[in-house]
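File shown: query_8.pdb (PDB, C-alpha atoms).
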```
ATOM      1  CA  MET A   1       5.979   5.960  10.950  1.00  0.00           C
ATOM      2  CA  HIS A   2       5.118   2.333  11.625  1.00  0.00           C
ATOM      3  CA  PHE A   3       5.819  -0.632   9.349  1.00  0.00           C
ATOM      4  CA  THR A   4       4.676  -4.213   9.873  1.00  0.00           C
ATOM      5  CA  VAL A   5       4.819  -7.362   7.770  1.00  0.00           C
ATOM      6  CA  THR A   6       2.555 -10.284   8.562  1.00  0.00           C
ATOM      7  CA  ARG A   7       1.213 -13.355   6.839  1.00  0.00           C
ATOM      8  CA  ASN A   8      -2.482 -13.758   6.085  1.00  0.00           C
ATOM      9  CA  TRP A   9      -3.029 -17.164   4.525  1.00  0.00           C
ATOM     10  CA  HIS A  10      -1.262 -16.970   1.149  1.00  0.00           C
ATOM     11  CA  ASP A  11      -0.475 -13.253   1.320  1.00  0.00           C
ATOM     12  CA  ALA A  12       2.377 -11.249   2.740  1.00  0.00           C
ATOM     13  CA  VAL A  13       0.730  -8.143   4.191  1.00  0.00           C
ATOM     14  CA  CYS A  14       2.785  -4.977   4.560  1.00  0.00           C
ATOM     15  CA  VAL A  15       1.199  -2.105   6.479  1.00  0.00           C
ATOM     16  CA  ILE A  16       2.777   1.328   6.482  1.00  0.00           C
ATOM     17  CA  ARG A  17       1.151   3.847   8.811  1.00  0.00           C
ATOM     18  CA  ASP A  18       2.041   7.432   9.598  1.00  0.00           C
ATOM     19  CA  GLU A  19       0.543  10.168  11.720  1.00  0.00           C
ATOM     20  CA  GLY A  20       1.197  12.892   9.161  1.00  0.00           C
ATOM     21  CA  ILE A  21      -0.953  15.439   7.380  1.00  0.00           C
ATOM     22  CA  GLY A  22      -3.247  12.849   5.787  1.00  0.00           C
ATOM     23  CA  ILE A  23      -4.796  12.845   2.325  1.00  0.00           C
ATOM     24  CA  SER A  24      -8.137  14.492   1.579  1.00  0.00           C
ATOM     25  CA  GLU A  25     -10.972  12.379   0.184  1.00  0.00           C
ATOM     26  CA  GLU A  26     -10.749  14.339  -3.075  1.00  0.00           C
ATOM     27  CA  ASP A  27      -7.009  13.702  -3.423  1.00  0.00           C
ATOM     28  CA  GLN A  28      -7.465  10.009  -2.561  1.00  0.00           C
ATOM     29  CA  GLN A  29      -9.347   9.649  -5.855  1.00  0.00           C
ATOM     30  CA  GLN A  30      -6.194  10.760  -7.723  1.00  0.00           C
ATOM     31  CA  VAL A  31      -3.380   9.407  -5.528  1.00  0.00           C
ATOM     32  CA  PHE A  32      -2.520   6.537  -7.910  1.00  0.00           C
ATOM     33  CA  ASN A  33      -2.262   8.857 -10.938  1.00  0.00           C
ATOM     34  CA  ALA A  34       1.221   9.824 -12.119  1.00  0.00           C
ATOM     35  CA  PHE A  35       2.533  13.142 -10.810  1.00  0.00           C
ATOM     36  CA  HIS A  36      -0.548  13.926  -8.734  1.00  0.00           C
ATOM     37  CA  ARG A  37       0.317  15.532  -5.411  1.00  0.00           C
ATOM     38  CA  GLY A  38      -2.126  16.353  -2.674  1.00  0.00           C
ATOM     39  CA  SER A  39      -3.465  19.860  -2.330  1.00  0.00           C
ATOM     40  CA  ASN A  40      -2.131  20.020   1.248  1.00  0.00           C
ATOM     41  CA  VAL A  41       1.527  19.036   0.691  1.00  0.00           C
ATOM     42  CA  GLY A  42       2.807  22.616   0.706  1.00  0.00           C
ATOM     43  CA  THR A  43       6.586  22.677   0.260  1.00  0.00           C
ATOM     44  CA  ARG A  44       7.132  19.002   1.170  1.00  0.00           C
ATOM     45  CA  PRO A  45       9.335  17.322  -1.450  1.00  0.00           C
ATOM     46  CA  GLY A  46       7.978  14.646  -3.751  1.00  0.00           C
ATOM     47  CA  THR A  47       7.172  13.749  -7.327  1.00  0.00           C
ATOM     48  CA  GLY A  48       3.700  12.254  -7.115  1.00  0.00           C
ATOM     49  CA  LEU A  49       5.012   8.848  -8.237  1.00  0.00           C
ATOM     50  CA  GLY A  50       5.514   6.912  -4.987  1.00  0.00           C
ATOM     51  CA  LEU A  51       2.116   5.300  -4.481  1.00  0.00           C
ATOM     52  CA  LEU A  52       1.701   4.726  -8.209  1.00  0.00           C
ATOM     53  CA  LEU A  53       4.955   2.726  -8.256  1.00  0.00           C
ATOM     54  CA  VAL A  54       3.905   0.759  -5.168  1.00  0.00           C
ATOM     55  CA  LYS A  55       0.569  -0.109  -6.799  1.00  0.00           C
ATOM     56  CA  ARG A  56       2.111  -1.147 -10.107  1.00  0.00           C
ATOM     57  CA  CYS A  57       4.742  -3.328  -8.423  1.00  0.00           C
ATOM     58  CA  ALA A  58       2.121  -4.995  -6.233  1.00  0.00           C
ATOM     59  CA  GLU A  59      -0.133  -5.664  -9.232  1.00  0.00           C
ATOM     60  CA  LEU A  60       2.774  -7.123 -11.233  1.00  0.00           C
ATOM     61  CA  HIS A  61       3.086  -9.707  -8.455  1.00  0.00           C
ATOM     62  CA  GLY A  62      -0.661 -10.403  -8.301  1.00  0.00           C
ATOM     63  CA  GLY A  63      -1.195  -8.177  -5.281  1.00  0.00           C
ATOM     64  CA  LYS A  64      -3.178  -5.107  -4.393  1.00  0.00           C
ATOM     65  CA  VAL A  65      -2.872  -1.862  -2.462  1.00  0.00           C
ATOM     66  CA  GLN A  66      -5.398  -0.292  -0.117  1.00  0.00           C
ATOM     67  CA  LEU A  67      -5.209   3.282   1.142  1.00  0.00           C
ATOM     68  CA  ASN A  68      -6.956   4.726   4.200  1.00  0.00           C
ATOM     69  CA  SER A  69      -6.358   8.312   5.184  1.00  0.00           C
ATOM     70  CA  LYS A  70      -7.867  11.180   7.102  1.00  0.00           C
ATOM     71  CA  VAL A  71      -6.641  14.763   6.973  1.00  0.00           C
ATOM     72  CA  GLY A  72      -4.832  15.715  10.155  1.00  0.00           C
ATOM     73  CA  GLU A  73      -4.642  12.132  11.427  1.00  0.00           C
ATOM     74  CA  GLY A  74      -2.421  10.287   8.965  1.00  0.00           C
ATOM     75  CA  THR A  75      -2.400   7.578   6.333  1.00  0.00           C
ATOM     76  CA  THR A  76      -2.291   3.797   6.265  1.00  0.00           C
ATOM     77  CA  VAL A  77      -1.209   1.941   3.135  1.00  0.00           C
ATOM     78  CA  THR A  78      -1.728  -1.833   3.060  1.00  0.00           C
ATOM     79  CA  VAL A  79       0.020  -3.918   0.411  1.00  0.00           C
ATOM     80  CA  LYS A  80      -1.018  -7.566  -0.019  1.00  0.00           C
ATOM     81  CA  ILE A  81       1.074  -9.836  -2.214  1.00  0.00           C
ATOM     82  CA  PRO A  82       0.422 -13.572  -2.693  1.00  0.00           C
ATOM     83  CA  VAL A  83       3.857 -15.054  -2.020  1.00  0.00           C
ATOM     84  CA  PHE A  84       3.122 -18.306  -0.222  1.00  0.00           C
ATOM     85  CA  GLY A  85       1.374 -20.256  -3.003  1.00  0.00           C
ATOM     86  CA  THR A  86      -1.515 -22.618  -2.480  1.00  0.00           C
ATOM     87  CA  ASN A  87       0.403 -25.724  -1.360  1.00  0.00           C
ATOM     88  CA  ASP A  88       2.992 -24.548   1.142  1.00  0.00           C
ATOM     89  CA  GLU A  89       4.152 -28.045   2.079  1.00  0.00           C
ATOM     90  CA  LYS A  90       4.782 -28.938  -1.565  1.00  0.00           C
ATOM     91  CA  ASP A  91       6.559 -25.629  -2.158  1.00  0.00           C
ATOM     92  CA  ILE A  92       9.299 -26.513   0.331  1.00  0.00           C
ATOM     93  CA  GLY A  93      10.009 -29.949  -1.132  1.00  0.00           C
ATOM     94  CA  HIS A  94       7.850 -32.226   1.050  1.00  0.00           C
TER      95      HIS A  94
END
```
Write the structure described by the file as structure tokens, please.
Amino acid sequence: MHFTVTRNWHDAVCVIRDEGIGISEEDQQQVFNAFHRGSNVGTRPGTGLGLLLVKRCAELHGGKVQLNSKVGEGTTVTVKIPVFGTNDEKDIGH
């Protein structure tokens, strides 16, 4: 698993990438619904709430979540949250 945090203008950008089983295109349509688990998870533990909670938290802070995945290759989740404001110099007391 790989995790990076960068700044893109006003946004903090968190990228989480794995090389796991991936999520099918069909399941990607449901991944942000409560308790939905992919058809290929087998006996892997989980509740089907993780990505939903990430999305709701991001949206509460004015952000958004993007998901890219391919079965057998892995998944990348990108979370963008506007944390730097529009006037950075003014924000730090200048």
Checklist entry - Which is closest to Gly74 (chain A) among A:Ala12, A:Met1, A:Leu60, A:Val41, if we use only C-alpha atoms? => result A:Met1
Checklist entry - Could you work out how far CA of Thr78 (chain A) lies from CA of Gly62 (chain A), giving the answer in Å with one decimal? => result 14.3 Å
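Nearest residue to Cys57 (chain A) among A:Pro45, A:Gly72, A:Gln30, A:Ile81 is A:Ile81, counting all atoms listed in the file.
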Item to check | Interatomic distance, CA of Ala34 (chain A) to CA of Leu52 (chain A) (Å, one decimal) | outcome: 6.4 Å
Next on the checklist: Quick check, in Å to one decimal: how far apart do CA of Phe84 (chain A) and CA of Glu59 (chain A) lie?
Outcome noted: 15.9 Å
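Of the residues under consideration (A:Glu73, A:Ile21, A:His61, A:Arg56), A:Ile21 shows the shortest atom-to-atom contact distance to Gly42 (chain A) when counting all atoms listed in the file.
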Determine the residue membership of the PyMOL selection byres ((chain A and resi 27) around 12) for the file above and supply it as a PDB file with C-alpha atoms, keeping the file's coordinate frame.
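In the end it all went to result_11.pdb:
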```
ATOM      1  CA  GLY A  22      -3.247  12.849   5.787  1.00  0.00           C
ATOM      2  CA  ILE A  23      -4.796  12.845   2.325  1.00  0.00           C
ATOM      3  CA  SER A  24      -8.137  14.492   1.579  1.00  0.00           C
ATOM      4  CA  GLU A  25     -10.972  12.379   0.184  1.00  0.00           C
ATOM      5  CA  GLU A  26     -10.749  14.339  -3.075  1.00  0.00           C
ATOM      6  CA  GLN A  28      -7.465  10.009  -2.561  1.00  0.00           C
ATOM      7  CA  GLN A  29      -9.347   9.649  -5.855  1.00  0.00           C
ATOM      8  CA  GLN A  30      -6.194  10.760  -7.723  1.00  0.00           C
ATOM      9  CA  VAL A  31      -3.380   9.407  -5.528  1.00  0.00           C
ATOM     10  CA  PHE A  32      -2.520   6.537  -7.910  1.00  0.00           C
ATOM     11  CA  ASN A  33      -2.262   8.857 -10.938  1.00  0.00           C
ATOM     12  CA  HIS A  36      -0.548  13.926  -8.734  1.00  0.00           C
ATOM     13  CA  ARG A  37       0.317  15.532  -5.411  1.00  0.00           C
ATOM     14  CA  GLY A  38      -2.126  16.353  -2.674  1.00  0.00           C
ATOM     15  CA  SER A  39      -3.465  19.860  -2.330  1.00  0.00           C
ATOM     16  CA  ASN A  40      -2.131  20.020   1.248  1.00  0.00           C
ATOM     17  CA  VAL A  41       1.527  19.036   0.691  1.00  0.00           C
ATOM     18  CA  GLY A  48       3.700  12.254  -7.115  1.00  0.00           C
ATOM     19  CA  LEU A  67      -5.209   3.282   1.142  1.00  0.00           C
ATOM     20  CA  ASN A  68      -6.956   4.726   4.200  1.00  0.00           C
ATOM     21  CA  SER A  69      -6.358   8.312   5.184  1.00  0.00           C
ATOM     22  CA  LYS A  70      -7.867  11.180   7.102  1.00  0.00           C
ATOM     23  CA  VAL A  71      -6.641  14.763   6.973  1.00  0.00           C
TER      24      VAL A  71
END
```
Checklist entry - Which residues, protein or nucleic acid, reach to within 9 Å of (-3.0, -15.1, -1.6) in the file's coordinates when using all atoms listed in the file, and can you give that as a PyMOL selection string? => result chain A and resi 8-12+62-63+80-86
Next on the checklist: Using only C-alpha atoms - which residues lie no farther than 6 Å from the point (0.5, -0.5, 7.1) in the file's frame? Write them as an NGL selection string.
Outcome noted: :A and (3 or 14-17 or 76-78)
Residues from last step as file, C-alpha atoms, as a PDB file, keeping the file's coordinate frame:
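The resulting file, result.pdb, is reproduced below:
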```pdb
ATOM      1  CA  PHE A   3       5.819  -0.632   9.349  1.00  0.00           C
ATOM      2  CA  CYS A  14       2.785  -4.977   4.560  1.00  0.00           C
ATOM      3  CA  VAL A  15       1.199  -2.105   6.479  1.00  0.00           C
ATOM      4  CA  ILE A  16       2.777   1.328   6.482  1.00  0.00           C
ATOM      5  CA  ARG A  17       1.151   3.847   8.811  1.00  0.00           C
ATOM      6  CA  THR A  76      -2.291   3.797   6.265  1.00  0.00           C
ATOM      7  CA  VAL A  77      -1.209   1.941   3.135  1.00  0.00           C
ATOM      8  CA  THR A  78      -1.728  -1.833   3.060  1.00  0.00           C
TER       9      THR A  78
END
```
